[in-house]
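Worksheet: one structure, shown below.
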Amino acid sequence: MDYKELVETYNALDNTSKRLEKTNIISKLIKKTGKEDIIEVIYLLQGIVFPIWDERKIGMGSKLAAKALVSVVGVSNDKVVGLWRKEGDLGKVAEILITNKKQRTLHRQKLTVKKVFENIRNLALLEGKGTVDKKIRLISELLSSADPKEARFITKTLLDKLRIGIREGIIRDALAWTVYDVDYDEKENKIHFKNGSREEYNKVVAKIQHAYNLTNDFGVVAASLKEKGLKGLEYVSVTLGKPINPMLAIKADDIKEALSSVGKPALFDYKLDGFRLQIHKFNNKYVFFTRRLENITNQFKELIPILNKYVKGKNYILDTEAVGYDPKTGNYLPFQKVSQRIKRKYDIEKIAKELPVEITVFDVIYYNNKNYMNEKQENRRKLIEKIVKEKDKKIVLTKKLISSDIKKIEKFYDDALRKGHEGLIAKNLNKEYVSGRRVGGWVKLKPVMEPLQLVIIGADWGEGKRTTWLSSFILGCKKGNEFLEIGKVGTGIKEKGDELTFKKLTKILKPLIESEKGRHVMIKPKILVEVSYEEIQRSPTYGSGYALRFPRLNGLRNDLRLDDCDDMARIERLYKKQKK
């Protein structure tokens with residue numbers, strides 16, 4: 001397939017915000033893509049050249065991309081940087097410069113999807129002496145043959161900034177449209193089922209989602225559909241060494257609601273303040289993945305001898321939580337403290353001694369060549385109790401209670417909170433392991449945190465479509481006459497519509513900008529907002545000493561004065577309250 005066809009799809013996707021229209025555009029592209037190109041097309045639609053869980057990344061910095069652009073178009077670096085500052089998008093800069101390029105490259109070749117894919121993928125595989133020059137040659141080879149639009153999207157892909165509004169659900173639905181008879185009504189922006197029903201269609205979508213949850217690779221799913229249609233998905237299975245989307249819990253307000261959701265009796269275990277760790281063992285090798293599918297095996301190598309000694313089995317996939325603790329006192333530490341180990345690339349052995357973790361096992365997905373996802377929760381729990389030998393501060397099982405007695409559950413809940421844990425997870429004893437959030441079977445019980453009234457004290461200019469908008473907002477809490485940073489928020493704000501949008505918020509904040517440095521601005525404290533969050537955590541990053549976990553902007557508080565901004569005293573009270 002010519003790369004030009006993919007670029008036409010990018011343009012069409014870039015020019016609409018309608019989810020169904022995007023789905024229709026992608027499904028048409030998939031239908032006309034041959035088996036030989038389907039994986040590359042699916043990856044490039046997502047702006048990637050490796051599965052999302054793969055350690056290998058393109059790793060292309062903006063400066064190196066700009067340098068390659070300079071060598072291709074024959075202009076000064078200052079001109080490229082000047083245009084970049086003006087446009088806020090290096091892809092747009094590439095498009096402008098290629099358009100204005102006076103001399104076209106001799107022997108210019110037509111770009112194919114495979115050629116673009118291979119050159120970009122090879123960037124991640126280069127290492128050793130002369131790597132920078134080799135990378136520039138690979139990029140230049142593409143840009144020299146590219147037309148302006150192709151240059152734009154090649155550059156955006158290189159920089160991991162494709163941003164054409166493609167989310168997981170849109171690709172999943174587009175794949176469903178290729179195997180189910182769906183008719184898209186462009187005028188009404190609706191879909192109709194010619195020879196089927198919504199119920200049957202939803203079953204197709206669920207099958208595709210399930211295949212994706214097992215692989216986290218739409219390329220594999222699309223190739224299976226191309227090969228054998230829906231039958232092909234039957235051959236998609238759990239693969240040791242490749243992460244599975246974890247089963248997630250939805251929130252319940254109280255114990256009665258939890259029991260109503262999962263049934264009686266239920267299995268309750270502690271909800272821990274660590275990070276999700278999916279452990280794969282195969283061929284005497286271990287691979288560790290986070291909930292976000294990051295491979296962190298190298299950062300936690302000290303866990304391998306523990307697993308060898310205390311877990312029986314030639315191969316398995318365990319669902320666990322890694323909880324940090326103080327090696328001097330043995331006290332458990334909050335997630336924020338141990339999370340710094342996840343991104344750490346150097347002094348790994350040193351920090352492993354300073355911030356050790358305890359593996360807490362709570363489920364099993366695969367064991368000794370058998371997929372346990374279809375087994376009942378009760379049976380999976382019994383299995384981990386057989387194969388894991390507990391050792392304090394090395395590897396343990398979650399504390400559990402099987403009950404329908406509200407008083408016993410309340411005591412168990414209080415014990416969990418008193419010990420510094422986040423709360424409880426309630427589980428249906430008969431439920432299989434199902435990837436995803438809203439699948440039923442698990443619910444979480446946590447104390448409800450009160451929203452905060454905070455002031456916006458800074459922001460960053462956006463990129464791509466958001467170039468002219470402020471997009472990432474710094475929140476401040478009050479201490480005396482000053483405002484201290486307590487985190488950033490970017491969720492809860494819309495791109496379009498009658499609700500609070502980036503455009504409206506930018507219009508409000510722009511007159512209050514006091515200084516700018518690059519894309520960052522400092523804003524006069526005046527605009528109060530209400531913010532919800534999951535937890536308050538200790539943080540050395542922000543001036544307040546605290547950070548909000550998963551903050552979300554609920555709206556403006558025009559009814560409040562600046563003096564009504566929450567202060568440090570309230571932040572500290574809420575922090576202590578959640579720990580109790």
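If you're wondering about the labels, chains in the structure tokens are A, B, ... by order shown, residues count from 1 in each chain, ligands from 1 in order shown.
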Just asking: which residues within range 3-245 of chain A are strand (DSSP E or B) according to DSSP, as a PDB file with N, CA and C atoms, in the first residue's frame?
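Just written: states-v5.pdb:
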ATOM      1  N   THR A 112       6.001   3.804   0.424  1.00  0.00           N
ATOM      2  CA  THR A 112       5.008   2.784   0.774  1.00  0.00           C
ATOM      3  C   THR A 112       4.869   2.735   2.294  1.00  0.00           C
ATOM      4  N   VAL A 182     -22.565  -3.228   8.862  1.00  0.00           N
ATOM      5  CA  VAL A 182     -22.967  -1.956   9.456  1.00  0.00           C
ATOM      6  C   VAL A 182     -23.032  -0.889   8.375  1.00  0.00           C
ATOM      7  N   ASP A 183     -24.095  -0.106   8.389  1.00  0.00           N
ATOM      8  CA  ASP A 183     -24.260   0.985   7.428  1.00  0.00           C
ATOM      9  C   ASP A 183     -24.195   2.308   8.179  1.00  0.00           C
ATOM     10  N   TYR A 184     -23.232   3.166   7.811  1.00  0.00           N
ATOM     11  CA  TYR A 184     -23.068   4.460   8.483  1.00  0.00           C
ATOM     12  C   TYR A 184     -23.831   5.547   7.738  1.00  0.00           C
ATOM     13  N   ASP A 185     -24.734   6.217   8.421  1.00  0.00           N
ATOM     14  CA  ASP A 185     -25.507   7.324   7.862  1.00  0.00           C
ATOM     15  C   ASP A 185     -24.779   8.623   8.210  1.00  0.00           C
ATOM     16  N   LYS A 190     -25.348   8.234  12.375  1.00  0.00           N
ATOM     17  CA  LYS A 190     -25.855   7.048  13.064  1.00  0.00           C
ATOM     18  C   LYS A 190     -25.463   5.797  12.291  1.00  0.00           C
ATOM     19  N   ILE A 191     -25.528   4.656  12.969  1.00  0.00           N
ATOM     20  CA  ILE A 191     -25.285   3.395  12.270  1.00  0.00           C
ATOM     21  C   ILE A 191     -26.568   2.567  12.256  1.00  0.00           C
ATOM     22  N   HIS A 192     -26.733   1.808  11.163  1.00  0.00           N
ATOM     23  CA  HIS A 192     -27.882   0.927  11.012  1.00  0.00           C
ATOM     24  C   HIS A 192     -27.369  -0.482  10.710  1.00  0.00           C
ATOM     25  N   PHE A 193     -28.105  -1.471  11.143  1.00  0.00           N
ATOM     26  CA  PHE A 193     -27.720  -2.859  10.935  1.00  0.00           C
ATOM     27  C   PHE A 193     -28.602  -3.445   9.843  1.00  0.00           C
TER      28      PHE A 193
END
Practice task
Excluding Asp363 in chain A and residues on its chain fewer than 2 positions from it, collect all residues at most 9 Å away from it, counting only C-alpha atoms, and give them as a PyMOL selection string.
Solution key: chain A and resi 317-320+361+365+377+380-381+383-384+433
Mind dumping the selected residues with N, CA and C atoms as a short mmCIF file (atom, residue, chain, number, x, y, z; two decimals), in the first residue's frame?
data_model
loop_
_atom_site.label_atom_id
_atom_site.label_comp_id
_atom_site.auth_asym_id
_atom_site.auth_seq_id
_atom_site.Cartn_x
_atom_site.Cartn_y
_atom_site.Cartn_z
N ILE A 317 1.37 -16.88 35.15
CA ILE A 317 1.15 -15.43 35.17
C ILE A 317 0.40 -15.13 36.46
N LEU A 318 1.04 -14.38 37.34
CA LEU A 318 0.44 -14.00 38.61
C LEU A 318 0.02 -12.53 38.58
N ASP A 319 -1.12 -12.23 39.19
CA ASP A 319 -1.56 -10.85 39.36
C ASP A 319 -1.23 -10.45 40.79
N THR A 320 -0.41 -9.42 40.94
CA THR A 320 0.09 -9.06 42.27
C THR A 320 0.12 -7.55 42.45
N VAL A 361 0.48 -11.37 46.39
CA VAL A 361 -0.22 -12.10 45.33
C VAL A 361 -1.71 -12.15 45.65
N ILE A 365 -3.55 -16.04 36.64
CA ILE A 365 -4.17 -15.98 35.32
C ILE A 365 -3.82 -17.22 34.49
N GLN A 377 -13.35 -17.45 40.66
CA GLN A 377 -12.50 -16.71 41.61
C GLN A 377 -12.10 -17.58 42.79
N ARG A 380 -9.37 -19.96 41.83
CA ARG A 380 -8.09 -19.27 41.58
C ARG A 380 -7.42 -18.91 42.91
N ARG A 381 -8.23 -18.50 43.88
CA ARG A 381 -7.68 -18.17 45.20
C ARG A 381 -7.08 -19.42 45.86
N LEU A 383 -5.80 -21.92 44.40
CA LEU A 383 -4.56 -22.29 43.71
C LEU A 383 -3.38 -21.47 44.22
N ILE A 384 -3.56 -20.14 44.36
CA ILE A 384 -2.41 -19.34 44.82
C ILE A 384 -2.04 -19.70 46.26
N TYR A 433 -11.91 -14.58 35.52
CA TYR A 433 -11.04 -13.42 35.41
C TYR A 433 -11.32 -12.76 34.05
#
Would you pick out the contacts of Ile527 in chain A at 9 Å or less, using only C-alpha atoms, so that residues sharing its chain but fewer than 5 positions from it are not included, and give the list as a PDB file with N, CA and C atoms, in the first residue's frame?
ATOM      1  N   LEU A 454      -9.353  24.878  44.573  1.00  0.00           N
ATOM      2  CA  LEU A 454      -7.970  25.279  44.337  1.00  0.00           C
ATOM      3  C   LEU A 454      -7.904  26.389  43.295  1.00  0.00           C
ATOM      4  N   VAL A 455      -6.764  27.032  43.198  1.00  0.00           N
ATOM      5  CA  VAL A 455      -6.593  28.139  42.258  1.00  0.00           C
ATOM      6  C   VAL A 455      -5.603  27.739  41.166  1.00  0.00           C
ATOM      7  N   ILE A 456      -5.843  28.202  39.950  1.00  0.00           N
ATOM      8  CA  ILE A 456      -4.919  27.930  38.838  1.00  0.00           C
ATOM      9  C   ILE A 456      -3.789  28.945  38.884  1.00  0.00           C
ATOM     10  N   ILE A 457      -2.543  28.465  38.979  1.00  0.00           N
ATOM     11  CA  ILE A 457      -1.399  29.371  39.096  1.00  0.00           C
ATOM     12  C   ILE A 457      -0.401  29.217  37.939  1.00  0.00           C
ATOM     13  N   ILE A 508     -10.347  32.850  29.531  1.00  0.00           N
ATOM     14  CA  ILE A 508     -10.442  33.385  30.893  1.00  0.00           C
ATOM     15  C   ILE A 508      -9.060  33.668  31.482  1.00  0.00           C
ATOM     16  N   LEU A 509      -8.122  32.747  31.215  1.00  0.00           N
ATOM     17  CA  LEU A 509      -6.807  32.815  31.861  1.00  0.00           C
ATOM     18  C   LEU A 509      -5.787  33.701  31.133  1.00  0.00           C
ATOM     19  N   LEU A 556     -15.595  25.532  37.250  1.00  0.00           N
ATOM     20  CA  LEU A 556     -15.175  26.802  37.842  1.00  0.00           C
ATOM     21  C   LEU A 556     -15.982  27.076  39.105  1.00  0.00           C
ATOM     22  N   ARG A 557     -15.386  27.777  40.055  1.00  0.00           N
ATOM     23  CA  ARG A 557     -16.096  28.202  41.258  1.00  0.00           C
ATOM     24  C   ARG A 557     -16.166  29.729  41.282  1.00  0.00           C
ATOM     25  N   ASN A 558     -16.990  30.272  40.373  1.00  0.00           N
ATOM     26  CA  ASN A 558     -17.140  31.723  40.279  1.00  0.00           C
ATOM     27  C   ASN A 558     -17.861  32.303  41.490  1.00  0.00           C
ATOM     28  N   ARG A 561     -14.592  33.407  46.566  1.00  0.00           N
ATOM     29  CA  ARG A 561     -13.514  34.399  46.510  1.00  0.00           C
ATOM     30  C   ARG A 561     -12.166  33.681  46.606  1.00  0.00           C
ATOM     31  N   LEU A 562     -11.111  34.397  46.321  1.00  0.00           N
ATOM     32  CA  LEU A 562      -9.765  33.826  46.393  1.00  0.00           C
ATOM     33  C   LEU A 562      -9.460  33.329  47.800  1.00  0.00           C
TER      34      LEU A 562
END
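Near range 198-207 of chain A, within 10 Å and counting only C-alpha atoms, sit Gly169, Arg172, Asp173, Ala174, Leu175, Ala176, Trp177, Val179, Tyr180, Asp181, Val182, Ile191, His192, Phe193, Tyr212, Asn213, Leu230, Leu233 and Glu234 of chain A; same-chain residues fewer than 5 positions away were not included.
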Restrict the selected residues to C-alpha atoms and save them as a PDB file, in the first residue's frame.
ATOM      1  CA  GLY A 169     -12.469   1.873  21.234  1.00  0.00           C
ATOM      2  CA  ARG A 172     -11.970  -1.937  18.009  1.00  0.00           C
ATOM      3  CA  ASP A 173     -15.294  -0.744  16.544  1.00  0.00           C
ATOM      4  CA  ALA A 174     -13.749  -0.177  13.099  1.00  0.00           C
ATOM      5  CA  LEU A 175     -12.562  -3.791  13.101  1.00  0.00           C
ATOM      6  CA  ALA A 176     -16.078  -4.890  14.072  1.00  0.00           C
ATOM      7  CA  TRP A 177     -17.505  -2.945  11.104  1.00  0.00           C
ATOM      8  CA  VAL A 179     -16.805  -8.239   9.782  1.00  0.00           C
ATOM      9  CA  TYR A 180     -20.370  -7.153  10.624  1.00  0.00           C
ATOM     10  CA  ASP A 181     -22.814  -5.541   8.184  1.00  0.00           C
ATOM     11  CA  VAL A 182     -22.967  -1.956   9.456  1.00  0.00           C
ATOM     12  CA  ILE A 191     -25.285   3.395  12.270  1.00  0.00           C
ATOM     13  CA  HIS A 192     -27.882   0.927  11.012  1.00  0.00           C
ATOM     14  CA  PHE A 193     -27.720  -2.859  10.935  1.00  0.00           C
ATOM     15  CA  TYR A 212      -7.288  -7.329  22.353  1.00  0.00           C
ATOM     16  CA  ASN A 213      -7.306  -7.725  26.151  1.00  0.00           C
ATOM     17  CA  LEU A 230     -14.305 -13.931  13.523  1.00  0.00           C
ATOM     18  CA  LEU A 233     -10.109 -14.749  17.002  1.00  0.00           C
ATOM     19  CA  GLU A 234     -10.497 -18.235  18.471  1.00  0.00           C
TER      20      GLU A 234
END
Handout entry: Residue set, range 27-87 of chain A restricted to helix (DSSP H, G or I), as a VMD selection string
Key = chain A and resid 27 to 32 38 to 45 62 to 73 77 to 87
Exercise for the section: Could you tell me which of A:Asn481, A:Thr491, A:Asn315, A:Asn295 comes closest to Glu55 in chain A if we count only C-alpha atoms? Expected result: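 Of all the options, A:Asn295 lies closest to Glu55 in chain A.
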Handout entry: Top pick for closest residue to Asn331 in chain A, considering A:Lys135, A:Lys343, A:Lys281, A:Lys393 and counting only C-alpha atoms
Key =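 Among the listed residues, the smallest separation from Asn331 in chain A belongs to A:Lys393.
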Handout entry: For Lys419 in chain A: contacts at 12 Å, only C-alpha atoms, fewer than 4 positions along chain excluded, given as a ChimeraX atom specification
Key = /A:270-273,331-334,399,412-415,423,578-580
Write to file, as a short mmCIF file (atom, residue, chain, number, x, y, z; two decimals), in the first residue's frame, the residues of the selection just made, with C-alpha atoms.
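Now in again_31.cif:
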data_model
loop_
_atom_site.label_atom_id
_atom_site.label_comp_id
_atom_site.auth_asym_id
_atom_site.auth_seq_id
_atom_site.Cartn_x
_atom_site.Cartn_y
_atom_site.Cartn_z
CA TYR A 270 -7.17 -5.60 51.30
CA LYS A 271 -6.81 -2.89 48.67
CA LEU A 272 -3.13 -2.04 48.93
CA ASP A 273 -1.27 1.22 48.34
CA ASN A 331 6.56 0.08 57.89
CA TYR A 332 4.74 0.15 54.55
CA LEU A 333 5.24 3.21 52.36
CA PRO A 334 2.72 5.06 50.15
CA LYS A 399 -5.41 -10.89 53.70
CA PHE A 412 -12.19 -6.16 58.35
CA TYR A 413 -12.55 -2.82 56.52
CA ASP A 414 -11.56 -0.84 59.64
CA ASP A 415 -8.55 -3.11 60.18
CA GLY A 423 -9.64 -0.11 51.65
CA GLN A 578 -7.51 9.21 54.62
CA LYS A 579 -4.68 7.40 56.41
CA LYS A 580 -7.00 6.71 59.34
#
Exercise for the section: Could you tell me which of A:Gln46, A:Ala94, A:Gly34, A:Leu401 comes closest to Lys67 in chain A if we count only C-alpha atoms? Expected result: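 Closest to Lys67 in chain A, using only C-alpha atoms: A:Ala94.
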Exercise for the section: Can you work out which one of A:Phe275, A:Phe550, A:Tyr310, A:Phe300 has the shortest atom-to-atom distance to Lys389 in chain A, counting only C-alpha atoms? Expected result: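 Counting only C-alpha atoms, the residue closest to Lys389 in chain A is A:Tyr310.
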Exercise for the section: Write out as a PyMOL selection string which residues come within 12 Å of Ala151 in chain A when counting only C-alpha atoms, dropping same-chain ones fewer than 5 positions away. Expected result: chain A and resi 3-4+7+65+68-69+72-73+90-99+111+116+139-146+156-158
Now that the selection is made, can you save its residues with N, CA and C atoms as a PDB file, in the first residue's frame?
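part.pdb, written as the output of this step:
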ATOM      1  N   TYR A   3       1.980   4.890   1.009  1.00  0.00           N
ATOM      2  CA  TYR A   3       1.834   5.668   2.243  1.00  0.00           C
ATOM      3  C   TYR A   3       0.834   6.804   2.045  1.00  0.00           C
ATOM      4  N   LYS A   4       0.735   7.272   0.811  1.00  0.00           N
ATOM      5  CA  LYS A   4      -0.188   8.358   0.486  1.00  0.00           C
ATOM      6  C   LYS A   4      -1.629   8.009   0.892  1.00  0.00           C
ATOM      7  N   VAL A   7      -1.969   8.534   4.525  1.00  0.00           N
ATOM      8  CA  VAL A   7      -1.971   9.975   4.811  1.00  0.00           C
ATOM      9  C   VAL A   7      -3.348  10.580   4.526  1.00  0.00           C
ATOM     10  N   ALA A  65      15.028  15.435  15.011  1.00  0.00           N
ATOM     11  CA  ALA A  65      14.103  15.507  13.871  1.00  0.00           C
ATOM     12  C   ALA A  65      14.280  16.824  13.128  1.00  0.00           C
ATOM     13  N   ALA A  68      17.385  16.659  10.992  1.00  0.00           N
ATOM     14  CA  ALA A  68      17.150  15.913   9.750  1.00  0.00           C
ATOM     15  C   ALA A  68      16.405  16.778   8.742  1.00  0.00           C
ATOM     16  N   LEU A  69      15.484  17.568   9.224  1.00  0.00           N
ATOM     17  CA  LEU A  69      14.703  18.465   8.364  1.00  0.00           C
ATOM     18  C   LEU A  69      15.602  19.520   7.730  1.00  0.00           C
ATOM     19  N   VAL A  72      17.485  18.083   4.815  1.00  0.00           N
ATOM     20  CA  VAL A  72      16.673  17.755   3.635  1.00  0.00           C
ATOM     21  C   VAL A  72      16.257  19.002   2.865  1.00  0.00           C
ATOM     22  N   VAL A  73      15.822  20.036   3.597  1.00  0.00           N
ATOM     23  CA  VAL A  73      15.275  21.218   2.905  1.00  0.00           C
ATOM     24  C   VAL A  73      16.311  22.305   2.647  1.00  0.00           C
ATOM     25  N   LEU A  90       6.090  20.560  15.017  1.00  0.00           N
ATOM     26  CA  LEU A  90       7.188  20.305  14.085  1.00  0.00           C
ATOM     27  C   LEU A  90       6.699  19.603  12.820  1.00  0.00           C
ATOM     28  N   GLY A  91       5.593  18.848  12.937  1.00  0.00           N
ATOM     29  CA  GLY A  91       5.007  18.219  11.750  1.00  0.00           C
ATOM     30  C   GLY A  91       4.512  19.266  10.770  1.00  0.00           C
ATOM     31  N   LYS A  92       3.862  20.293  11.287  1.00  0.00           N
ATOM     32  CA  LYS A  92       3.386  21.402  10.441  1.00  0.00           C
ATOM     33  C   LYS A  92       4.560  22.139   9.814  1.00  0.00           C
ATOM     34  N   VAL A  93       5.646  22.294  10.565  1.00  0.00           N
ATOM     35  CA  VAL A  93       6.862  22.931  10.050  1.00  0.00           C
ATOM     36  C   VAL A  93       7.415  22.130   8.874  1.00  0.00           C
ATOM     37  N   ALA A  94       7.465  20.811   9.030  1.00  0.00           N
ATOM     38  CA  ALA A  94       7.948  19.940   7.944  1.00  0.00           C
ATOM     39  C   ALA A  94       7.092  20.123   6.699  1.00  0.00           C
ATOM     40  N   GLU A  95       5.792  20.199   6.877  1.00  0.00           N
ATOM     41  CA  GLU A  95       4.870  20.383   5.747  1.00  0.00           C
ATOM     42  C   GLU A  95       5.148  21.705   5.035  1.00  0.00           C
ATOM     43  N   ILE A  96       5.328  22.774   5.793  1.00  0.00           N
ATOM     44  CA  ILE A  96       5.584  24.109   5.209  1.00  0.00           C
ATOM     45  C   ILE A  96       6.903  24.117   4.446  1.00  0.00           C
ATOM     46  N   LEU A  97       7.952  23.571   5.051  1.00  0.00           N
ATOM     47  CA  LEU A  97       9.285  23.616   4.434  1.00  0.00           C
ATOM     48  C   LEU A  97       9.361  22.742   3.186  1.00  0.00           C
ATOM     49  N   ILE A  98       8.720  21.572   3.221  1.00  0.00           N
ATOM     50  CA  ILE A  98       8.717  20.712   2.026  1.00  0.00           C
ATOM     51  C   ILE A  98       7.910  21.370   0.907  1.00  0.00           C
ATOM     52  N   THR A  99       6.824  22.069   1.267  1.00  0.00           N
ATOM     53  CA  THR A  99       6.021  22.798   0.270  1.00  0.00           C
ATOM     54  C   THR A  99       6.854  23.877  -0.416  1.00  0.00           C
ATOM     55  N   LEU A 111       6.695   6.591  -1.616  1.00  0.00           N
ATOM     56  CA  LEU A 111       6.768   5.967  -0.308  1.00  0.00           C
ATOM     57  C   LEU A 111       5.654   4.933  -0.130  1.00  0.00           C
ATOM     58  N   VAL A 116       8.019   3.295   5.149  1.00  0.00           N
ATOM     59  CA  VAL A 116       7.936   4.246   6.268  1.00  0.00           C
ATOM     60  C   VAL A 116       8.024   3.491   7.594  1.00  0.00           C
ATOM     61  N   ILE A 139      15.762   9.110   8.581  1.00  0.00           N
ATOM     62  CA  ILE A 139      14.688  10.118   8.529  1.00  0.00           C
ATOM     63  C   ILE A 139      14.754  10.891   7.218  1.00  0.00           C
ATOM     64  N   SER A 140      15.980  11.283   6.848  1.00  0.00           N
ATOM     65  CA  SER A 140      16.169  12.071   5.624  1.00  0.00           C
ATOM     66  C   SER A 140      15.720  11.296   4.391  1.00  0.00           C
ATOM     67  N   GLU A 141      15.953   9.993   4.405  1.00  0.00           N
ATOM     68  CA  GLU A 141      15.537   9.154   3.287  1.00  0.00           C
ATOM     69  C   GLU A 141      14.027   9.227   3.075  1.00  0.00           C
ATOM     70  N   LEU A 142      13.288   9.274   4.179  1.00  0.00           N
ATOM     71  CA  LEU A 142      11.834   9.373   4.081  1.00  0.00           C
ATOM     72  C   LEU A 142      11.394  10.780   3.677  1.00  0.00           C
ATOM     73  N   LEU A 143      11.943  11.785   4.349  1.00  0.00           N
ATOM     74  CA  LEU A 143      11.520  13.164   4.084  1.00  0.00           C
ATOM     75  C   LEU A 143      11.893  13.626   2.677  1.00  0.00           C
ATOM     76  N   SER A 144      12.992  13.107   2.139  1.00  0.00           N
ATOM     77  CA  SER A 144      13.428  13.487   0.788  1.00  0.00           C
ATOM     78  C   SER A 144      12.443  13.010  -0.273  1.00  0.00           C
ATOM     79  N   SER A 145      11.768  11.897   0.006  1.00  0.00           N
ATOM     80  CA  SER A 145      10.806  11.343  -0.955  1.00  0.00           C
ATOM     81  C   SER A 145       9.363  11.738  -0.644  1.00  0.00           C
ATOM     82  N   ALA A 146       9.171  12.437   0.467  1.00  0.00           N
ATOM     83  CA  ALA A 146       7.815  12.742   0.922  1.00  0.00           C
ATOM     84  C   ALA A 146       7.257  14.001   0.269  1.00  0.00           C
ATOM     85  N   LYS A 156       5.317  13.743  12.727  1.00  0.00           N
ATOM     86  CA  LYS A 156       4.480  13.581  13.917  1.00  0.00           C
ATOM     87  C   LYS A 156       4.581  12.161  14.481  1.00  0.00           C
ATOM     88  N   THR A 157       4.683  11.166  13.595  1.00  0.00           N
ATOM     89  CA  THR A 157       4.839   9.775  14.046  1.00  0.00           C
ATOM     90  C   THR A 157       6.188   9.585  14.730  1.00  0.00           C
ATOM     91  N   LEU A 158       7.228  10.148  14.143  1.00  0.00           N
ATOM     92  CA  LEU A 158       8.562  10.052  14.726  1.00  0.00           C
ATOM     93  C   LEU A 158       8.596  10.575  16.159  1.00  0.00           C
TER      94      LEU A 158
END
Handout entry: Pick from A:Leu240, A:Ile359, A:Ala222, A:Leu64 nearest to Arg276 in chain A, counting only C-alpha atoms
Key = A:Ile359
Problem - Residues near range 344-358 of chain A, cut-off 10 Å, only C-alpha atoms, skip fewer than 4 positions along chain, as a ChimeraX atom specification - result: /A:274,296,298-303,306,320-328,330,332-333,337-340,391-396
Fill in the blank from the handout: Pairwise distance, CA of Leu500 in chain A with CA of Ala547 in chain A, equals 23.6 Å
Handout entry: Counting only C-alpha atoms, the option among A:Pro451, A:Gly545, A:Lys504, A:Glu516 closest to Ile486 in chain A
Key =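 Closest residue, counting only C-alpha atoms: A:Gly545.
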